[in-house]
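A quick write-up on the structure given underneath.
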Amino acid sequence: MAQDASEKTGAADERRVREIAIVTGASRGLGAAIAERLLAPHRRLVCVARSGNDALAARAQASGAPLDYLRHDLSDAQDTDRLADALSALLRAHRDARRFVLVNNAGIVEPIGRIEALRSEGIAAALQVNLASLMRLTAAFLDATDGASGERRILGISSGAARHPIAGWAPYCATKAAVDMFTRCIVDEQSRRANPARACALAPGVLDTDMQSTIRSADFPSIDRFRELKTQGGLISPEQAAARIVAYLERDDFGSRPVDDLREHAGR
Ligand code: NDP
């Protein structure tokens with residue numbers, strides 16, 4: 001989907017905008033819940049996905065929160081480049097903002113199956129959506145805000161699967177592990193800079209989203225664990241996870257652990 005579809009909702013009073021927050025994968029699931037939490041009159045929220053999110057647009061309209069909704073396909077490198085250029089222009093236009101936030105949330109779990117069954121198309125899609133587009137958008141974010149005086153925070157939504165192998169999920173595990181290491185590299189590189197950007201790759205726990213439906217209808221050795229989590233009420237709602245993630249994002253010590261897991265912060 002190579003398109004420049006862009007919709008703008010909410011207050012146009014740029015003088016009130018003190019923060020720019022970008023959320024990828026904001027059409028549903030965790031990203032939609034994080035985006036909803038981030039809607040605020042003082043924050044210009046920039047959302048990305050292939051499909052729209054009418055509920056989010058309605059909430060933005062009702063609350064007077066500025067929302068840009070950019071429809072791009074992160075599995076397409078050229079479309080991701082176009083998105084990166086659009087985000088750079090937007091960030092540069094708000095260089096005096098007090099805070100810049102990038103939430104790299106978009107992700108896909110497929111292809112699921114034995115490694116023997118992997119083919120180039122599925123491998124390329126997983127690498128592009130989960131890793132390459134995240135790197136490209138992070139590059140654009142860091143470059144466009146370089147030298148700005150505002151605080152910069154980058155949150156990558158990682159997974160327990162980045163840190164523990166799951167048979168049948170090799171591309172997902174590998175791309176999420178790479179997101180963890182990429183995040184460590186951001187932190188290392190930035191530590192040498194004035195006004196370093198902070199970054200964290202955060203695993204959110206197992207969530208009740210479309211991704212889990214995809215997982216439950218696939219075929220891999222530990223599938224029963226995921227089916228039981230659903231039937232026994234063990235999944236976290238995206239709204240609950242988003243509340244905790246946004247609180248985590250706001251913490252004074254955000255970025256002090258470049259790789260973290262929400263489950264290690266129970267009750268905090
Ligand atoms: P969903 O499948 O519910 O939502 C995925 C989001 O990513 C959608 O908004 C989708 O938008 C977007 N997306 C997918 N492919 C593309 C693409 N090619 N271009 C643009 N956007 C795309 O997933 P979750 O909400 O469950 O997952 C969110 C994040 O959390 C992911 O990074 C996932 O790996 C991670 N995570 C999820 C867990 C879970 O249990 N669900 C556990 C641990 C981590 P659209 O289709 O409209 O393009």
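How things are named: the first chain in the structure tokens is A, the next is B, and so on; residues count from 1 in each chain; ligands count from 1 in the order shown.
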Chain A near ligand 1 within 7 Å: what's each residue's closest atom pair and its distance in Å to one decimal, counting only C-alpha atoms and all ligand atoms, ordered by chain then ascending residue number, as a tab-separated table?
residue	atom	partner	partner_atom_place_in_ligand_line	distance
A:Thr24	CA	ligand 1	21 (N)	6.5
A:Gly25	CA	ligand 1	9 (O)	3.3
A:Ala26	CA	ligand 1	9 (O)	4.5
A:Ser27	CA	ligand 1	9 (O)	4.0
A:Arg28	CA	ligand 1	9 (O)	4.5
A:Gly29	CA	ligand 1	25 (O)	3.5
A:Leu30	CA	ligand 1	25 (O)	3.8
A:Gly31	CA	ligand 1	25 (O)	5.7
A:Ala32	CA	ligand 1	9 (O)	6.7
A:Val48	CA	ligand 1	21 (N)	6.5
A:Ala49	CA	ligand 1	21 (N)	3.9
A:Arg50	CA	ligand 1	48 (O)	3.5
A:Ser51	CA	ligand 1	47 (O)	3.7
A:Gly52	CA	ligand 1	47 (O)	6.5
A:His72	CA	ligand 1	20 (C)	5.8
A:Asp73	CA	ligand 1	19 (N)	3.7
A:Leu74	CA	ligand 1	19 (N)	3.7
A:Ser75	CA	ligand 1	18 (N)	4.2
A:Asn105	CA	ligand 1	32 (O)	4.5
A:Ala106	CA	ligand 1	7 (O)	3.6
A:Gly107	CA	ligand 1	32 (O)	3.7
A:Ile108	CA	ligand 1	14 (C)	5.6
A:Val109	CA	ligand 1	34 (O)	6.4
A:Val129	CA	ligand 1	18 (N)	5.7
A:Asn130	CA	ligand 1	32 (O)	6.9
A:Ile157	CA	ligand 1	32 (O)	5.1
A:Ser158	CA	ligand 1	44 (C)	5.5
A:Ser159	CA	ligand 1	43 (C)	4.2
A:Gly160	CA	ligand 1	43 (C)	6.4
A:Ala203	CA	ligand 1	43 (C)	5.8
A:Pro204	CA	ligand 1	43 (C)	5.4
A:Gly205	CA	ligand 1	42 (C)	5.4
A:Val206	CA	ligand 1	40 (O)	3.6
A:Leu207	CA	ligand 1	40 (O)	3.8
A:Asp208	CA	ligand 1	41 (N)	6.1
A:Thr209	CA	ligand 1	3 (O)	4.5
A:Asp210	CA	ligand 1	3 (O)	4.1
A:Met211	CA	ligand 1	2 (O)	4.0
A:Gln212	CA	ligand 1	41 (N)	5.2
Distance query A:Gly64 at most 12 Å, only C-alpha atoms, self and fewer than 2 positions along chain excluded, as a ChimeraX atom specification: /A:8-14,16-17,39-45,56-62,66-67
Fewer than 3 positions away in the same chain doesn't count, so skip those; otherwise give me all residues within 12 Å of A:Glu116, counting only C-alpha atoms, as a list of chain:residue names. A:Pro111, A:Ile112, A:Gly113, A:Arg119, A:Ser120, A:Ala167, A:Gly168, A:Ala170
All heavy atoms of the current selection, written as a short mmCIF file (atom, residue, chain, number, x, y, z; two decimals), in the first residue's frame:
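Listing of selection.cif after writing:
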data_model
loop_
_atom_site.label_atom_id
_atom_site.label_comp_id
_atom_site.auth_asym_id
_atom_site.auth_seq_id
_atom_site.Cartn_x
_atom_site.Cartn_y
_atom_site.Cartn_z
N PRO A 111 5.52 -15.31 9.84
CA PRO A 111 5.06 -16.68 9.67
C PRO A 111 5.31 -17.56 10.90
O PRO A 111 6.38 -17.50 11.49
CB PRO A 111 5.90 -17.18 8.48
CG PRO A 111 7.16 -16.38 8.54
CD PRO A 111 6.77 -15.04 9.08
N ILE A 112 4.28 -18.35 11.26
CA ILE A 112 4.42 -19.34 12.33
C ILE A 112 4.52 -20.72 11.68
O ILE A 112 3.74 -21.03 10.76
CB ILE A 112 3.19 -19.29 13.29
CG1 ILE A 112 3.14 -17.94 14.02
CG2 ILE A 112 3.25 -20.44 14.28
CD1 ILE A 112 1.95 -17.78 14.95
N GLY A 113 5.46 -21.51 12.15
CA GLY A 113 5.61 -22.87 11.60
C GLY A 113 7.05 -23.32 11.73
O GLY A 113 7.90 -22.59 12.26
N ARG A 119 9.81 -19.32 3.87
CA ARG A 119 10.08 -18.90 2.50
C ARG A 119 10.40 -17.40 2.52
O ARG A 119 10.02 -16.68 3.45
CB ARG A 119 8.86 -19.15 1.61
CG ARG A 119 8.53 -20.64 1.42
CD ARG A 119 9.63 -21.39 0.62
NE ARG A 119 9.39 -22.82 0.53
CZ ARG A 119 9.86 -23.75 1.38
NH1 ARG A 119 10.58 -23.38 2.44
NH2 ARG A 119 9.61 -25.03 1.22
N SER A 120 11.04 -16.94 1.45
CA SER A 120 11.57 -15.57 1.46
C SER A 120 10.52 -14.51 1.74
O SER A 120 10.78 -13.53 2.45
CB SER A 120 12.24 -15.28 0.11
OG SER A 120 13.33 -16.13 -0.05
N ALA A 167 9.33 -22.62 19.86
CA ALA A 167 9.39 -23.43 18.64
C ALA A 167 8.24 -23.07 17.73
O ALA A 167 7.08 -23.01 18.17
CB ALA A 167 9.34 -24.92 19.00
N GLY A 168 8.53 -22.77 16.47
CA GLY A 168 7.51 -22.39 15.50
C GLY A 168 7.44 -20.88 15.28
O GLY A 168 6.76 -20.41 14.37
N ALA A 170 10.26 -18.75 14.95
CA ALA A 170 11.65 -18.29 14.78
C ALA A 170 11.78 -16.86 14.24
O ALA A 170 12.53 -16.06 14.80
CB ALA A 170 12.42 -19.27 13.90
#
Write out as a PyMOL selection string all residues of stretch 82-256 of chain A that DSSP puts in strand (DSSP E or B) for this structure's backbone. chain A and resi 99-104+151-157+198-203+207+236
Secondary structure check, helix (DSSP H, G or I) residues of stretch 35-153 of chain A, as a PyMOL selection string: chain A and resi 35-38+54-63+77-93+115-117+120-145
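By only C-alpha atoms, and with residues fewer than 2 positions from A:Asp260 along its chain excluded, the set lying at most 9 Å from it is Ser158, Cys200, Ala201, Leu202, Ala203, Arg257, Pro258, Leu262, Arg263 and Glu264 of chain A.
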Which is closer to A:Arg71 than all the others in A:Glu228, A:Asp180, A:Glu7, A:Glu151, using only C-alpha atoms? A:Glu7
Could you give me, as a compact mmCIF listing (two decimals) with all heavy atoms, in the first residue's frame, the residues within 8 Å of stretch 138-143 of chain A, counting only C-alpha atoms and dropping anything in the same chain fewer than 5 positions from it?
# COMPACT_ATOMS: atom_id res chain seq x y z
N ALA A 84 8.84 7.97 6.79
CA ALA A 84 9.96 8.56 7.54
C ALA A 84 10.15 10.02 7.15
O ALA A 84 10.38 10.89 8.00
CB ALA A 84 11.23 7.76 7.28
N ASP A 85 10.01 10.32 5.85
CA ASP A 85 10.15 11.71 5.39
C ASP A 85 9.03 12.59 5.97
O ASP A 85 9.27 13.72 6.39
CB ASP A 85 10.10 11.77 3.85
CG ASP A 85 11.38 11.19 3.24
OD1 ASP A 85 12.36 11.01 3.97
OD2 ASP A 85 11.36 10.90 2.03
N LEU A 87 7.33 12.06 8.74
CA LEU A 87 7.55 12.23 10.18
C LEU A 87 8.69 13.22 10.45
O LEU A 87 8.60 14.05 11.36
CB LEU A 87 7.86 10.88 10.84
CG LEU A 87 6.71 9.87 10.85
CD1 LEU A 87 7.16 8.54 11.46
CD2 LEU A 87 5.49 10.41 11.61
N SER A 88 9.73 13.16 9.63
CA SER A 88 10.85 14.10 9.80
C SER A 88 10.37 15.54 9.65
O SER A 88 10.72 16.41 10.46
CB SER A 88 11.93 13.85 8.75
OG SER A 88 12.52 12.63 8.95
N LEU A 91 8.35 16.55 12.70
CA LEU A 91 9.19 16.75 13.89
C LEU A 91 9.99 18.05 13.76
O LEU A 91 10.11 18.82 14.72
CB LEU A 91 10.14 15.56 14.07
CG LEU A 91 9.46 14.26 14.52
CD1 LEU A 91 10.37 13.06 14.28
CD2 LEU A 91 9.06 14.33 15.99
N LEU A 102 8.60 8.40 20.51
CA LEU A 102 8.34 7.44 19.43
C LEU A 102 8.01 6.08 20.06
O LEU A 102 8.83 5.54 20.82
CB LEU A 102 9.59 7.31 18.54
CG LEU A 102 9.54 6.20 17.47
CD1 LEU A 102 8.41 6.43 16.46
CD2 LEU A 102 10.89 6.10 16.74
N ILE A 154 12.26 6.87 23.21
CA ILE A 154 11.91 5.86 22.19
C ILE A 154 11.55 4.56 22.90
O ILE A 154 12.35 4.02 23.67
CB ILE A 154 13.10 5.61 21.24
CG1 ILE A 154 13.52 6.91 20.53
CG2 ILE A 154 12.76 4.52 20.23
CD1 ILE A 154 14.84 6.82 19.79
N ALA A 197 19.03 10.82 23.66
CA ALA A 197 17.70 10.23 23.62
C ALA A 197 17.71 9.01 24.53
O ALA A 197 18.72 8.32 24.64
CB ALA A 197 17.36 9.81 22.19
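Restricting the calculation to only C-alpha atoms, the smallest distance between A:Ala86 and any of A:Leu137, A:Arg37, A:Leu131, A:Cys173 is found for A:Leu137.
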Using only C-alpha atoms, pick whichever of A:Gly147, A:Ile34, A:Ala199, A:Thr214 has the shortest atom-to-atom distance to A:Gln240. A:Ile34
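Minimum atom-to-atom distance to A:Ala177, evaluated using only C-alpha atoms, belongs to A:Arg163 out of A:Glu121, A:Arg163, A:Leu127, A:Ala35.
For A:Arg98, the set of protein, DNA and RNA residues having any atom at most 8 Å away, when counting only C-alpha atoms and skipping those fewer than 5 positions along the same chain, is Arg18, Glu19, Ser149, Gly150 and Glu151 of chain A.
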